[in-house]
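Q: I'd like to ask some things about the structure below.
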Amino acid sequence: MMAAKSGNSTQNVFLAQHCHWNRQSHTRFSSNSCALRMRSTHPLQGWRLAWPDKSAMQLHTLTTHRIDLGNRASIHCHAAQCTSAVSSFKKVDFLKLQNGSDIRGVAVAGVEGEPVNLTEPVTKAIAASFAAWLLEKKKPSESKRLRISVGHDSRISAQKLQDAVSHGIASTGVDVIQYGLASTPAMFNSTLTEDENFLCPVDGSIMITASHLPYNRNGFKFFTNAGGLGKADIKDILEHAANIFEKVTDTSLKESEEAANAAISKVDYMVVYTADLVAAVRKAAGNVEKPLERFRIIVDAGNGAGGFFAGKVLEPLGAVTTGSQFLEPDGMFPNHVPNPEDKAAMKAITQAVLENKADLGIIFDTDVDRSAAVDSSGRELNRNRLIALMSALVLEEHPGTTIVTDSVTSDGLTAFIEKKLGGKHHRFKRGYKNVIDEAIRLNSIGEESHLAIETSGHGALKENHWLDDGAYLMVKLLNKLASARASGSGSGSKVLTDLIEGLEEAAVAVELRLKIDQNHADLKGGSFRDYGEVVLKHLENTTSSDPKLKKAPINYEGVRVSGHGGWFLLRLSLHDPVLPLNIEAPSNEDAVKLGLAVLSAVKEFAALDTSALDKFVQK
Ligand SMILES: O=P(O)(O)OC[C@H]1O[C@H](O)[C@H](O)[C@@H](O)[C@@H]1O
């Protein structure tokens, strides 16, 4: 099951340079107090982050640098003054690697215009910074060593980044538990599992993934047992990483690698994670060993990390999975983009379901935090339909509960949740972390919510620790199939399709992404966000004078307007210099009218590329 833990020889190497977080007091430690602390406490844990560079004797020449992090925190960096400390690494803009609550960058060279910025030294600095953040947060006693699990998806840069992450963590004196190929939700789960045989629970976890992005990208998601880290913490970690990075030398890097290998263990954690999923379905079916016997279920993992679902979850439950496709990890993603929002991906799983006469098809994104399904007739159960289906299941268990969704959900979905299912639809913002945090907030103020879900296929349930887990969403569907069969109330995926009967769907539903040229003079040196806000304000003013259009009374991002039997939403992208425009309407003609209303308001903005909208209204 796992490799034995090797020794702990990292400690001698990391004795010279110390960067530490001091969130409360902003106190500066003097050089002497730092040196004393180092000798009198556990050498590598506590408040310090040690990044390897020089020798212990350089402790005598420590100087302190303080970097302010606004009102959240400050970093104190004690760096030995030594000319050999001059890093041979190029300056890196660490904050550019932030992507909401994730870190994303280019890890593989070869794509024009996309230089590599997620190098191994950068990765090490980020991992070391996360470990330092964790040490500061958990404040472990001197006798306890913290541990961080590290997993990755199928990307071709996974191995090299896993090594770099491991070395970065180990350089702080924190133990590293490598899981190898894993899913994002499994990584979070490892902070909750209580099983010392698997070295669990871990104190923190890092998933190496860039979700559905192209092969040359990669990135990180971070977890503690409180869930995924938020934007503010990621920003702190990146700023701290930049500071660490500046102090790294070639020699220090090499030394750290040799020493760090000793702090690394390997565990097959997916065994635990998949056993939990299997147990959940068995339990829902009334403790039947093979509740999915005679079901034919096809999995499409898109050559990402989700292939385990066929052999390790469905088959033990009795399902036949022949016809499943793209289960082998392949970081070049040769078949289709692993993304349940992608048309080609949905077409591929639909075809496989129909060709194999399967009862159900299941598709995951690369790191399995998103998913969708296809019923036996080839009907896609993704986007609004998946939300409707999950809402139906959750509202059966929790009548009247609030369903939190992202902002691009349809009016038909609201009507379905509120009129047909008797729940409440709280349409919030785009972004999986936003919807999850909002559901948690609602519960904290007394409004019961059990489901936070996006049209992207991210969905999190209260019963599953608010973890957005594509595999768990699919387990909820399997539970329904299994329990319906056990109770004799139905067999096959019709049970699921029947649940969303009455969901009204617009004949036309499009998303057009209007780019903002960040270098355009019209920005007057300002940010694309400020520019986008001006565009949105102007659209809001223009549409308010059109009697055929009505602004949505409650709306949390962008401008959402009803009219011509449909609606549109123009908002700022969470990450890109883009204004995504969603339009839904009963006919193409109505959709064009809505498109024209937007176009007439935004066309005067010279830095906005409206070509997609121009084309759409000319149809
Ligand atoms: O704002 P957009 O560019 O449409 O991107 C929004 C999406 O970004 C990422 O993919 C997040 O994982 C999703 O949770 C989010 O919905």
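Ligands are numbered from 1 in the order shown, residues from 1 within each chain, and chains are lettered A, B, ... in the order they appear in the structure tokens.
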Contacts between ligand 1 and chain A, please, where a residue of chain A counts if it comes within 6 Å (with only C-alpha atoms and all ligand atoms); show its shortest atom pair and distance in Å to one decimal, rows by chain and ascending number, as a tab-separated table.

A:
```
residue	atom	partner	partner_atom_place_in_ligand_line	distance
A:Arg430	CA	ligand 1	16 (O)	4.9
A:Gly431	CA	ligand 1	14 (O)	3.6
A:Tyr432	CA	ligand 1	14 (O)	3.8
A:Ser456	CA	ligand 1	16 (O)	5.8
A:Ser573	CA	ligand 1	1 (O)	3.4
A:Leu574	CA	ligand 1	1 (O)	3.8
A:His575	CA	ligand 1	3 (O)	5.5
A:Asp576	CA	ligand 1	3 (O)	5.8
```

Q: The selected residues should be written to file as a compact mmCIF listing (two decimals), in the first residue's frame (atoms: C-alpha atoms).

A:
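And here's selection24.txt as it stands now:
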```txt
# COMPACT_ATOMS: atom_id res chain seq x y z
CA ARG A 430 -19.70 32.87 -11.14
CA GLY A 431 -16.82 30.92 -9.55
CA TYR A 432 -17.01 27.66 -7.61
CA SER A 456 -19.50 24.59 -15.15
CA SER A 573 -14.70 37.28 -16.38
CA LEU A 574 -13.28 36.06 -13.07
CA HIS A 575 -9.80 35.78 -14.55
CA ASP A 576 -9.43 37.09 -18.08
```

Q: So which bits of stretch 451-587 of chain A end up helix (DSSP H, G or I) when you DSSP the backbone, as a ChimeraX atom specification?

A: /A:462-464,470-487,494-499,521-523,528-544

Q: Using only C-alpha atoms, which residues of stretch 434-549 of chain A come within 9 Å of stretch 209-227 of chain A, and what is the closest atom pair for each, with the distance in Å to one decimal? Give it as a Markdown table, sorted by chain and residue number.

A:
```
| residue | atom | partner | partner_atom | distance |
| --- | --- | --- | --- | --- |
| A:His465 | CA | A:Gly227 | CA | 8.0 |
| A:Trp466 | CA | A:Gly227 | CA | 7.7 |
| A:Leu467 | CA | A:Gly227 | CA | 7.0 |
```

Q: With N, CA and C atoms retained, could you export that selection as a PDB file, in the first residue's frame?

A:
```pdb
ATOM      1  N   HIS A 465     -18.986  17.965   3.222  1.00  0.00           N
ATOM      2  CA  HIS A 465     -18.040  18.984   3.718  1.00  0.00           C
ATOM      3  C   HIS A 465     -17.864  20.144   2.751  1.00  0.00           C
ATOM      4  N   TRP A 466     -18.877  20.456   1.955  1.00  0.00           N
ATOM      5  CA  TRP A 466     -18.802  21.551   0.982  1.00  0.00           C
ATOM      6  C   TRP A 466     -17.614  21.394   0.033  1.00  0.00           C
ATOM      7  N   LEU A 467     -17.308  20.160  -0.268  1.00  0.00           N
ATOM      8  CA  LEU A 467     -16.215  19.886  -1.198  1.00  0.00           C
ATOM      9  C   LEU A 467     -16.791  19.771  -2.611  1.00  0.00           C
TER      10      LEU A 467
END
```

Q: Quick one: pull the distance between atom CA of A:Asn197 and atom CA of A:Met270, Å, one decimal.

A: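 Rounded to one decimal, the two atoms are 13.4 Å apart.
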
Q: From a DSSP pass on the backbone, collect the residues of stretch 255-398 of chain A flagged as strand (DSSP E or B) and hand them back as a list in words.

A: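 Strand (DSSP E or B) members of stretch 255-398 of chain A, listed: Ile264, Ser265, Lys266, Val267, Arg296, Ile297, Ile298, Val299, Asp300, Val320, Gln325, Leu360, Gly361, Ile362, Ile363, Phe364, Arg370, Ser371, Ala372, Ala373, Val374, Asp375, Glu380 and Leu381 of chain A.
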
Q: Export C-alpha atoms of the chosen residues as a PDB file, in the first residue's frame?

A:
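Ended up saving to again-v6.pdb:
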```
ATOM      1  CA  ILE A 264       9.044  12.147   1.273  1.00  0.00           C
ATOM      2  CA  SER A 265       6.689   9.162   1.594  1.00  0.00           C
ATOM      3  CA  LYS A 266       4.375   7.638  -0.976  1.00  0.00           C
ATOM      4  CA  VAL A 267       0.815   6.516  -0.219  1.00  0.00           C
ATOM      5  CA  ARG A 296     -24.110  -0.463 -18.016  1.00  0.00           C
ATOM      6  CA  ILE A 297     -22.344   2.766 -17.224  1.00  0.00           C
ATOM      7  CA  ILE A 298     -19.806   4.431 -19.481  1.00  0.00           C
ATOM      8  CA  VAL A 299     -17.078   6.689 -18.126  1.00  0.00           C
ATOM      9  CA  ASP A 300     -15.220   9.249 -20.232  1.00  0.00           C
ATOM     10  CA  VAL A 320     -20.545  -3.099 -16.425  1.00  0.00           C
ATOM     11  CA  GLN A 325     -13.251   5.657 -23.045  1.00  0.00           C
ATOM     12  CA  LEU A 360     -25.803   6.213 -18.225  1.00  0.00           C
ATOM     13  CA  GLY A 361     -22.694   8.075 -19.292  1.00  0.00           C
ATOM     14  CA  ILE A 362     -20.443   9.962 -16.903  1.00  0.00           C
ATOM     15  CA  ILE A 363     -17.817  12.519 -17.908  1.00  0.00           C
ATOM     16  CA  PHE A 364     -15.213  14.278 -15.757  1.00  0.00           C
ATOM     17  CA  ARG A 370     -16.379  18.771 -12.293  1.00  0.00           C
ATOM     18  CA  SER A 371     -18.665  16.290 -13.995  1.00  0.00           C
ATOM     19  CA  ALA A 372     -21.762  15.774 -16.105  1.00  0.00           C
ATOM     20  CA  ALA A 373     -23.876  12.825 -17.242  1.00  0.00           C
ATOM     21  CA  VAL A 374     -25.751  11.573 -20.294  1.00  0.00           C
ATOM     22  CA  ASP A 375     -28.948   9.512 -20.030  1.00  0.00           C
ATOM     23  CA  GLU A 380     -27.008  15.580 -21.941  1.00  0.00           C
ATOM     24  CA  LEU A 381     -27.328  16.175 -18.219  1.00  0.00           C
TER      25      LEU A 381
END
```

Q: Could you jot down the atom CA of A:Ala607 to atom CA of A:Glu533 separation for me, Å, one decimal place?

A: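 Spanning atom CA of A:Ala607 to atom CA of A:Glu533 is a straight-line distance of 13.0 Å.
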
Q: Using only C-alpha atoms, which of the listed residues (A:Ala601, A:Ala285, A:Val165, A:Ile516) sits closest to A:Pro580?

A: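 Comparing A:Ala601, A:Ala285, A:Val165, A:Ile516 against A:Pro580, the winner is A:Ile516.
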
Q: Please report the interatomic distance between atom CA of A:Tyr273 and atom CA of A:Ala186 in Å with one decimal.

A: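 Going from atom CA of A:Tyr273 over to atom CA of A:Ala186 covers 6.0 Å.
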
Q: Just want the 7 Å neighbourhood of A:Leu354, counted on only C-alpha atoms, with same-chain residues fewer than 3 positions away dropped. Output as a list of chain:residue names.

A: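 Non-adjacent residues within range: A:Thr350, A:Gln351, A:Lys357, A:Ala358, A:Ser376, A:Gly378.
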
Q: If we count only C-alpha atoms, what is near A:Ser487 at a cut-off of 12 Å, once residues fewer than 3 positions away on the same chain are taken out, given as a list in words?

A: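 Final neighbour list, sorted by chain and number: Ala284, Ala285, Gly286, Val288, Pro291, Asn479, Lys480, Leu481, Ala482, Ser483, Ala484, Gly490 and Ser491 of chain A.
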
Q: For A:Val404, which residue out of A:Gln518, A:Gln159, A:Thr322, A:Asn434 is the nearest one, using only C-alpha atoms?

A: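 Closest to A:Val404 of all the choices is A:Asn434.
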
Q: Restrict the calculation to only C-alpha atoms, then for each residue of stretch 241-330 of chain A with any atom at most 6 Å from an atom of stretch 109-131 of chain A give the closest atom pair and their distance in Å to one decimal, rows by chain and rising residue number, as a Markdown table.

A:
```
| residue | atom | partner | partner_atom | distance |
| --- | --- | --- | --- | --- |
| A:Ala241 | CA | A:Ile126 | CA | 4.9 |
| A:Ile244 | CA | A:Ala125 | CA | 5.9 |
| A:Phe245 | CA | A:Ala125 | CA | 5.5 |
```

Q: Taking N, CA and C atoms for each residue, export the selection above as a short mmCIF file (atom, residue, chain, number, x, y, z; two decimals), in the first residue's frame.

A:
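The resulting file, out15.cif, is shown below:
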```
data_model
loop_
_atom_site.label_atom_id
_atom_site.label_comp_id
_atom_site.auth_asym_id
_atom_site.auth_seq_id
_atom_site.Cartn_x
_atom_site.Cartn_y
_atom_site.Cartn_z
N ALA A 241 6.20 33.76 -1.44
CA ALA A 241 7.00 32.91 -2.33
C ALA A 241 8.00 33.76 -3.12
N ILE A 244 10.90 34.42 -0.96
CA ILE A 244 11.74 33.23 -0.83
C ILE A 244 12.59 33.06 -2.08
N PHE A 245 11.94 33.20 -3.22
CA PHE A 245 12.57 32.96 -4.51
C PHE A 245 13.80 33.84 -4.71
#
```

Q: If we count only C-alpha atoms and set the cut-off at 8 Å, which residues sit around A:Thr409, ignoring sequence neighbours fewer than 2 positions away in its own chain? Please answer as a PyMOL selection string.

A: chain A and resi 384+405-407+411+413+427+455

Q: Could you please take those selected residues and save N, CA and C atoms as a CSV table (one decimal), in the first residue's frame?

A:
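In the end it all went to selection12.csv:
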```csv
chain,number,residue,atom,x,y,z
A,384,ASN,N,-27.5,23.7,-16.9
A,384,ASN,CA,-28.7,23.9,-16.1
A,384,ASN,C,-29.4,22.6,-15.7
A,405,THR,N,-26.5,29.0,-6.9
A,405,THR,CA,-25.8,28.7,-8.2
A,405,THR,C,-25.0,29.9,-8.7
A,406,ASP,N,-24.3,29.7,-9.8
A,406,ASP,CA,-23.6,30.8,-10.4
A,406,ASP,C,-24.6,31.7,-11.1
A,407,SER,N,-24.0,32.8,-11.7
A,407,SER,CA,-24.8,33.9,-12.2
A,407,SER,C,-25.4,33.6,-13.6
A,411,ASP,N,-33.4,31.4,-16.4
A,411,ASP,CA,-34.7,31.8,-15.7
A,411,ASP,C,-35.5,30.5,-15.5
A,413,LEU,N,-34.5,27.6,-14.9
A,413,LEU,CA,-34.0,26.9,-13.7
A,413,LEU,C,-34.6,27.4,-12.4
A,427,ARG,N,-29.4,32.8,-7.1
A,427,ARG,CA,-28.5,32.9,-8.2
A,427,ARG,C,-27.4,33.9,-7.7
A,455,THR,N,-22.9,26.1,-13.3
A,455,THR,CA,-23.2,25.5,-14.6
A,455,THR,C,-21.9,24.8,-15.2
```
